[in-house]
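With PDB, C-alpha atoms, pLDDT in the B column inside, this is query_37.pdb:
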```pdb
MODEL        1
ATOM      1  CA  MET B 208       3.274  -2.850   6.050  1.00 61.00           C
ATOM      2  CA  PRO B 209       0.817  -2.690   8.943  1.00 69.00           C
ATOM      3  CA  SER B 210      -0.047  -6.390   8.835  1.00 65.00           C
ATOM      4  CA  THR B 211       3.651  -7.227   9.245  1.00 68.00           C
ATOM      5  CA  LYS B 212       3.854  -4.971  12.301  1.00 70.00           C
ATOM      6  CA  VAL B 213       0.812  -6.659  13.823  1.00 70.00           C
ATOM      7  CA  ARG B 214       2.347 -10.081  13.143  1.00 63.00           C
ATOM      8  CA  ARG B 215       5.623  -9.034  14.788  1.00 63.00           C
ATOM      9  CA  ALA B 216       3.818  -7.606  17.831  1.00 69.00           C
ATOM     10  CA  GLU B 217       1.875 -10.847  18.240  1.00 62.00           C
ATOM     11  CA  PHE B 218       5.056 -12.867  17.750  1.00 62.00           C
ATOM     12  CA  PHE B 219       6.709 -11.111  20.681  1.00 62.00           C
ATOM     13  CA  ARG B 220       3.550 -11.101  22.808  1.00 65.00           C
ATOM     14  CA  LYS B 221       2.987 -14.844  22.515  1.00 60.00           C
ATOM     15  CA  GLY B 222       5.231 -17.155  24.434  1.00 61.00           C
ATOM     16  CA  GLY B 223       6.927 -20.452  23.712  1.00 61.00           C
ATOM     17  CA  ARG B 224       4.928 -22.862  21.549  1.00 62.00           C
ATOM     18  CA  MET B 225       2.620 -20.207  20.086  1.00 62.00           C
ATOM     19  CA  ARG B 226       5.602 -18.227  18.778  1.00 65.00           C
ATOM     20  CA  GLY B 227       6.435 -21.078  16.462  1.00 65.00           C
ATOM     21  CA  MET B 228       3.037 -20.765  14.787  1.00 67.00           C
ATOM     22  CA  VAL B 229       3.529 -17.076  13.985  1.00 66.00           C
ATOM     23  CA  LYS B 230       7.208 -17.321  13.086  1.00 70.00           C
ATOM     24  CA  GLY B 231       7.999 -17.580   9.386  1.00 73.00           C
ATOM     25  CA  LYS B 232       4.540 -16.529   8.180  1.00 75.00           C
ATOM     26  CA  ARG B 233       5.450 -13.067   6.883  1.00 76.00           C
ATOM     27  CA  TRP B 234       5.279 -13.848   3.171  1.00 84.00           C
ATOM     28  CA  LEU B 235       2.202 -15.952   3.664  1.00 82.00           C
ATOM     29  CA  LEU B 236       0.431 -13.011   5.304  1.00 79.00           C
ATOM     30  CA  LEU B 237       1.592 -10.612   2.587  1.00 82.00           C
ATOM     31  CA  SER B 238       0.181 -12.851  -0.176  1.00 86.00           C
ATOM     32  CA  ARG B 239      -3.309 -12.306  -1.493  1.00 87.00           C
ATOM     33  CA  TRP B 240      -5.876 -14.930  -0.617  1.00 89.00           C
ATOM     34  CA  GLY B 241      -6.686 -15.563  -4.282  1.00 88.00           C
ATOM     35  CA  ASN B 242      -3.056 -16.343  -5.092  1.00 90.00           C
ATOM     36  CA  LEU B 243      -2.608 -18.986  -2.374  1.00 87.00           C
ATOM     37  CA  THR B 244      -2.712 -22.725  -2.909  1.00 91.00           C
ATOM     38  CA  ALA B 245      -5.100 -24.859  -0.866  1.00 92.00           C
ATOM     39  CA  GLY B 246      -2.295 -25.966   1.470  1.00 91.00           C
ATOM     40  CA  LYS B 247      -1.178 -22.405   2.105  1.00 90.00           C
ATOM     41  CA  ARG B 248      -4.763 -21.328   2.739  1.00 91.00           C
ATOM     42  CA  GLN B 249      -5.141 -24.080   5.309  1.00 91.00           C
ATOM     43  CA  GLU B 250      -1.887 -23.026   6.971  1.00 86.00           C
ATOM     44  CA  LEU B 251      -3.143 -19.454   7.087  1.00 85.00           C
ATOM     45  CA  ASN B 252      -6.494 -20.553   8.530  1.00 88.00           C
ATOM     46  CA  GLN B 253      -4.669 -22.431  11.305  1.00 84.00           C
ATOM     47  CA  LEU B 254      -2.772 -19.258  12.130  1.00 80.00           C
ATOM     48  CA  PHE B 255      -6.019 -17.254  12.144  1.00 83.00           C
ATOM     49  CA  ALA B 256      -7.619 -19.764  14.517  1.00 82.00           C
ATOM     50  CA  LEU B 257      -4.810 -19.151  17.005  1.00 76.00           C
ATOM     51  CA  ASN B 258      -4.563 -15.394  16.732  1.00 77.00           C
ATOM     52  CA  ARG B 259      -7.495 -13.080  16.155  1.00 81.00           C
ATOM     53  CA  LYS B 260      -5.439  -9.888  15.757  1.00 81.00           C
ATOM     54  CA  VAL B 261      -3.461 -11.352  12.876  1.00 81.00           C
ATOM     55  CA  PHE B 262      -6.766 -12.397  11.287  1.00 85.00           C
ATOM     56  CA  LYS B 263      -8.175  -8.866  11.630  1.00 86.00           C
ATOM     57  CA  ALA B 264      -5.004  -7.392  10.124  1.00 85.00           C
ATOM     58  CA  TYR B 265      -5.178  -9.763   7.157  1.00 87.00           C
ATOM     59  CA  ILE B 266      -8.838  -8.985   6.500  1.00 88.00           C
ATOM     60  CA  LEU B 267      -8.177  -5.249   6.656  1.00 89.00           C
ATOM     61  CA  LYS B 268      -5.232  -5.603   4.267  1.00 89.00           C
ATOM     62  CA  GLU B 269      -7.290  -7.627   1.806  1.00 90.00           C
ATOM     63  CA  SER B 270     -10.238  -5.230   1.937  1.00 91.00           C
ATOM     64  CA  LEU B 271      -8.044  -2.154   1.370  1.00 90.00           C
ATOM     65  CA  ASP B 272      -6.934  -3.627  -1.955  1.00 89.00           C
ATOM     66  CA  ARG B 273     -10.442  -3.006  -3.288  1.00 90.00           C
ATOM     67  CA  LEU B 274      -9.871   0.764  -2.954  1.00 89.00           C
ATOM     68  CA  TRP B 275      -7.845   0.817  -6.170  1.00 86.00           C
ATOM     69  CA  THR B 276     -10.681  -0.613  -8.284  1.00 88.00           C
ATOM     70  CA  TYR B 277     -13.001   2.409  -8.006  1.00 88.00           C
ATOM     71  CA  ARG B 278     -13.498   4.689 -10.995  1.00 87.00           C
ATOM     72  CA  TYR B 279     -15.442   7.498  -9.295  1.00 90.00           C
ATOM     73  CA  GLU B 280     -13.958   9.782  -6.680  1.00 91.00           C
ATOM     74  CA  GLY B 281     -17.075   9.869  -4.508  1.00 91.00           C
ATOM     75  CA  ALA B 282     -17.322   6.088  -4.368  1.00 92.00           C
ATOM     76  CA  MET B 283     -13.606   5.804  -3.614  1.00 92.00           C
ATOM     77  CA  ARG B 284     -13.862   8.392  -0.839  1.00 93.00           C
ATOM     78  CA  ASN B 285     -16.903   6.614   0.680  1.00 94.00           C
ATOM     79  CA  TYR B 286     -15.162   3.239   0.603  1.00 94.00           C
ATOM     80  CA  LEU B 287     -12.061   4.682   2.251  1.00 92.00           C
ATOM     81  CA  GLN B 288     -14.184   6.319   4.957  1.00 93.00           C
ATOM     82  CA  ARG B 289     -16.006   3.036   5.657  1.00 93.00           C
ATOM     83  CA  TRP B 290     -12.650   1.219   5.806  1.00 92.00           C
ATOM     84  CA  ILE B 291     -11.330   3.774   8.306  1.00 91.00           C
ATOM     85  CA  ASP B 292     -14.550   3.441  10.337  1.00 90.00           C
ATOM     86  CA  GLN B 293     -13.881  -0.304  10.631  1.00 87.00           C
ATOM     87  CA  LEU B 294     -10.578   0.495  12.340  1.00 85.00           C
ATOM     88  CA  ARG B 295     -12.262   2.304  15.216  1.00 81.00           C
ATOM     89  CA  TRP B 296     -12.829  -0.830  17.313  1.00 80.00           C
ATOM     90  CA  GLN B 297      -9.934  -2.996  16.131  1.00 80.00           C
ATOM     91  CA  ARG B 298      -7.183  -1.490  18.323  1.00 79.00           C
ATOM     92  CA  LEU B 299      -4.509  -2.059  15.674  1.00 83.00           C
ATOM     93  CA  GLU B 300      -2.090   0.876  15.943  1.00 83.00           C
ATOM     94  CA  PRO B 301      -0.203   0.244  12.654  1.00 84.00           C
ATOM     95  CA  PHE B 302      -3.470   0.425  10.717  1.00 85.00           C
ATOM     96  CA  GLN B 303      -4.378   3.683  12.466  1.00 88.00           C
ATOM     97  CA  LYS B 304      -1.102   5.130  11.184  1.00 89.00           C
ATOM     98  CA  LEU B 305      -1.839   3.786   7.700  1.00 88.00           C
ATOM     99  CA  ALA B 306      -5.282   5.389   7.777  1.00 90.00           C
ATOM    100  CA  GLN B 307      -3.783   8.745   8.740  1.00 92.00           C
ATOM    101  CA  MET B 308      -1.248   8.468   5.916  1.00 92.00           C
ATOM    102  CA  LEU B 309      -4.033   7.655   3.440  1.00 91.00           C
ATOM    103  CA  LEU B 310      -5.996  10.701   4.597  1.00 93.00           C
ATOM    104  CA  ASP B 311      -2.878  12.868   4.295  1.00 94.00           C
ATOM    105  CA  HIS B 312      -2.481  11.722   0.678  1.00 90.00           C
ATOM    106  CA  LEU B 313      -6.177  11.713  -0.199  1.00 91.00           C
ATOM    107  CA  ASP B 314      -5.766  14.154  -3.108  1.00 90.00           C
ATOM    108  CA  GLY B 315      -3.217  11.899  -4.797  1.00 86.00           C
ATOM    109  CA  ILE B 316      -5.346   8.805  -4.184  1.00 87.00           C
ATOM    110  CA  LEU B 317      -8.383  10.485  -5.711  1.00 89.00           C
ATOM    111  CA  ASN B 318      -6.222  11.670  -8.607  1.00 86.00           C
ATOM    112  CA  TYR B 319      -5.372   8.034  -9.329  1.00 83.00           C
ATOM    113  CA  CYS B 320      -9.109   7.461  -9.666  1.00 82.00           C
ATOM    114  CA  ARG B 321      -9.240  10.146 -12.382  1.00 80.00           C
ATOM    115  CA  THR B 322      -6.185   9.168 -14.405  1.00 81.00           C
ATOM    116  CA  LYS B 323      -5.359   5.471 -13.682  1.00 80.00           C
ATOM    117  CA  ALA B 324      -1.745   6.047 -14.749  1.00 78.00           C
ATOM    118  CA  PRO B 325       0.232   2.795 -14.859  1.00 80.00           C
ATOM    119  CA  LEU B 326       2.276   2.631 -11.666  1.00 77.00           C
ATOM    120  CA  GLY B 327       5.333   1.477 -13.610  1.00 83.00           C
ATOM    121  CA  VAL B 328       5.342   4.743 -15.565  1.00 79.00           C
ATOM    122  CA  VAL B 329       4.922   6.736 -12.349  1.00 79.00           C
ATOM    123  CA  GLU B 330       7.845   4.885 -10.742  1.00 84.00           C
ATOM    124  CA  ALA B 331       9.987   5.479 -13.841  1.00 81.00           C
ATOM    125  CA  VAL B 332       9.263   9.214 -13.733  1.00 78.00           C
ATOM    126  CA  ASN B 333      10.037   9.336  -9.992  1.00 81.00           C
ATOM    127  CA  GLY B 334      13.322   7.512 -10.584  1.00 84.00           C
ATOM    128  CA  ASN B 335      14.262   9.932 -13.348  1.00 79.00           C
ATOM    129  CA  ILE B 336      13.525  12.908 -11.108  1.00 80.00           C
ATOM    130  CA  LYS B 337      15.671  11.411  -8.333  1.00 83.00           C
ATOM    131  CA  SER B 338      18.548  10.890 -10.764  1.00 82.00           C
ATOM    132  CA  LEU B 339      18.147  14.502 -11.942  1.00 80.00           C
ATOM    133  CA  LEU B 340      18.434  15.675  -8.337  1.00 80.00           C
ATOM    134  CA  ARG B 341      21.557  13.561  -7.799  1.00 81.00           C
ATOM    135  CA  ARG B 342      23.174  14.814 -11.000  1.00 80.00           C
ATOM    136  CA  GLY B 343      22.371  18.446 -10.212  1.00 75.00           C
ATOM    137  CA  ARG B 344      23.965  18.259  -6.748  1.00 75.00           C
ATOM    138  CA  GLY B 345      21.562  20.883  -5.458  1.00 73.00           C
ATOM    139  CA  TYR B 346      19.531  23.488  -7.296  1.00 77.00           C
ATOM    140  CA  LYS B 347      19.341  27.029  -5.975  1.00 80.00           C
ATOM    141  CA  ASN B 348      16.381  27.997  -8.133  1.00 83.00           C
ATOM    142  CA  LEU B 349      13.276  25.911  -7.438  1.00 82.00           C
ATOM    143  CA  HIS B 350      11.514  27.138 -10.590  1.00 88.00           C
ATOM    144  CA  TYR B 351      14.418  25.921 -12.735  1.00 85.00           C
ATOM    145  CA  LEU B 352      14.367  22.544 -11.001  1.00 82.00           C
ATOM    146  CA  LEU B 353      10.642  22.154 -11.644  1.00 84.00           C
ATOM    147  CA  LEU B 354      11.104  23.018 -15.328  1.00 86.00           C
ATOM    148  CA  LYS B 355      13.876  20.419 -15.642  1.00 83.00           C
ATOM    149  CA  CYS B 356      11.672  17.811 -13.935  1.00 81.00           C
ATOM    150  CA  GLN B 357       8.722  18.608 -16.193  1.00 81.00           C
ATOM    151  CA  ARG B 358      10.865  18.375 -19.321  1.00 82.00           C
ATOM    152  CA  MET B 359      12.418  15.096 -18.223  1.00 77.00           C
ATOM    153  CA  ALA B 360       9.052  13.633 -17.219  1.00 69.00           C
ATOM    154  CA  VAL B 361       7.397  14.570 -20.498  1.00 73.00           C
ATOM    155  CA  THR B 362      10.185  13.320 -22.754  1.00 69.00           C
ATOM    156  CA  LYS B 363      10.657  10.039 -20.869  1.00 58.00           C
ATOM    157  CA  THR B 364       6.890   9.441 -20.619  1.00 52.00           C
ATOM    158  CA  GLU B 365       6.375  10.117 -24.328  1.00 52.00           C
ATOM    159  CA  PHE B 366       9.148   7.647 -25.089  1.00 50.00           C
ATOM    160  CA  LEU B 367       7.502   4.999 -22.919  1.00 51.00           C
ATOM    161  CA  VAL B 368       4.038   5.593 -24.416  1.00 49.00           C
ATOM    162  CA  PHE B 369       5.256   5.519 -28.035  1.00 48.00           C
ATOM    163  CA  ARG B 370       7.346   2.421 -27.327  1.00 53.00           C
ATOM    164  CA  LYS B 371       4.308   0.580 -25.960  1.00 54.00           C
ATOM    165  CA  ALA B 372       2.155   1.593 -28.937  1.00 51.00           C
ATOM    166  CA  ALA B 373       4.636   0.231 -31.485  1.00 50.00           C
TER
ENDMDL
END
```

Rendering of file as structure tokens:
Amino acid sequence: MPSTKVRRAEFFRKGGRMRGMVKGKRWLLLSRWGNLTAGKRQELNQLFALNRKVFKAYILKESLDRLWTYRYEGAMRNYLQRWIDQLRWQRLEPFQKLAQMLLDHLDGILNYCRTKAPLGVVEAVNGNIKSLLRRGRGYKNLHYLLLKCQRMAVTKTEFLVFRKAA
């Protein structure tokens, strides 16, 4: 997570007394603002007052979460481009790497906009494919492997969908 890397960099950059303010705040920084209690929000605001880079990282993390709410590809692409444009002046290297990764996987991100498949189902299918690869101990024919993956994905997904409907 880029915000964790920024927090760690600031932890090591700061000396003595200031380190104590950044130390132990990982889970606090990973939490969403809406899920925090008033006391935790105040603790986070005190941290932000001391360190501007951690504040920028938190704001960028929170604003990226909005990307997954878009229903139209064009709007999602525009939002992502504006988010990446915000990074230009922030000088936060971990977020630059995240932006490059998002651009590398743009087709899959836009596909999520089209289908909105539940991520639990996607993770289940990925886990089943990984177990198929482990059981097979290496496939020489890629076409055969893809057919096995498709069959496993369809049968397991149908089972999950019918189970939810019942």

Run through the PyMOL selection byres ((chain B and resi 268) around 10) on the given coordinates and return the selected residues as number ranges by chain. B: 208-210, 236-237, 239, 262-267, 269-273, 302

Step by step, work through what the PyMOL selection byres ((chain B and resi 277-279) around 9) selects in the shown file, and finish by giving those residues as a PyMOL selection string. chain B and resi 273-276+280-284+286+317+319-321+323

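Candidate residues B:Leu354, B:Met359, B:Thr322, B:Gln249 were compared for distance to Lys337 (chain B), and the nearest is B:Met359, using only C-alpha atoms.
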
Go ahead and compute the interatomic distance for CA of Tyr351 (chain B) and CA of Gly315 (chain B), in Å to one decimal.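 Pair CA of Tyr351 (chain B) / CA of Gly315 (chain B) returns 23.9 Å.
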
Which residues are close to Glu250 (chain B), i.e. within 12 Å by only C-alpha atoms, leaving aside same-chain residues fewer than 2 positions away? Reply as an MDAnalysis selection string. chainID B and resid 228:229 231:232 235:236 240 243:248 252:257

CA of Ile336 (chain B) to CA of Ala306 (chain B), distance in Å rounded to a single decimal: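 Computing it gives 27.7 Å between the two atoms.
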
Work out how far CA of Lys260 (chain B) is from CA of Arg298 (chain B), in Å to one decimal.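 Interatomic distance here is 9.0 Å.
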
Considering all atoms listed in the file, can you say which of B:Asn318, B:Gln357, B:Asn258, B:Asn335 comes closest to Val213 (chain B)?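 Result for the nearest residue to Val213 (chain B): B:Asn258.
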
Between B:Gln297, B:Gly327, B:Val332, B:Arg341, single out the one closest to Cys356 (chain B), counting all atoms listed in the file.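 Between B:Gln297, B:Gly327, B:Val332, B:Arg341, the residue approaching Cys356 (chain B) most closely is B:Val332.
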
Counting all atoms listed in the file, the residue among B:Leu353, B:Leu305, B:Leu340, B:Leu313 that lies closest to Asn285 (chain B) is B:Leu313
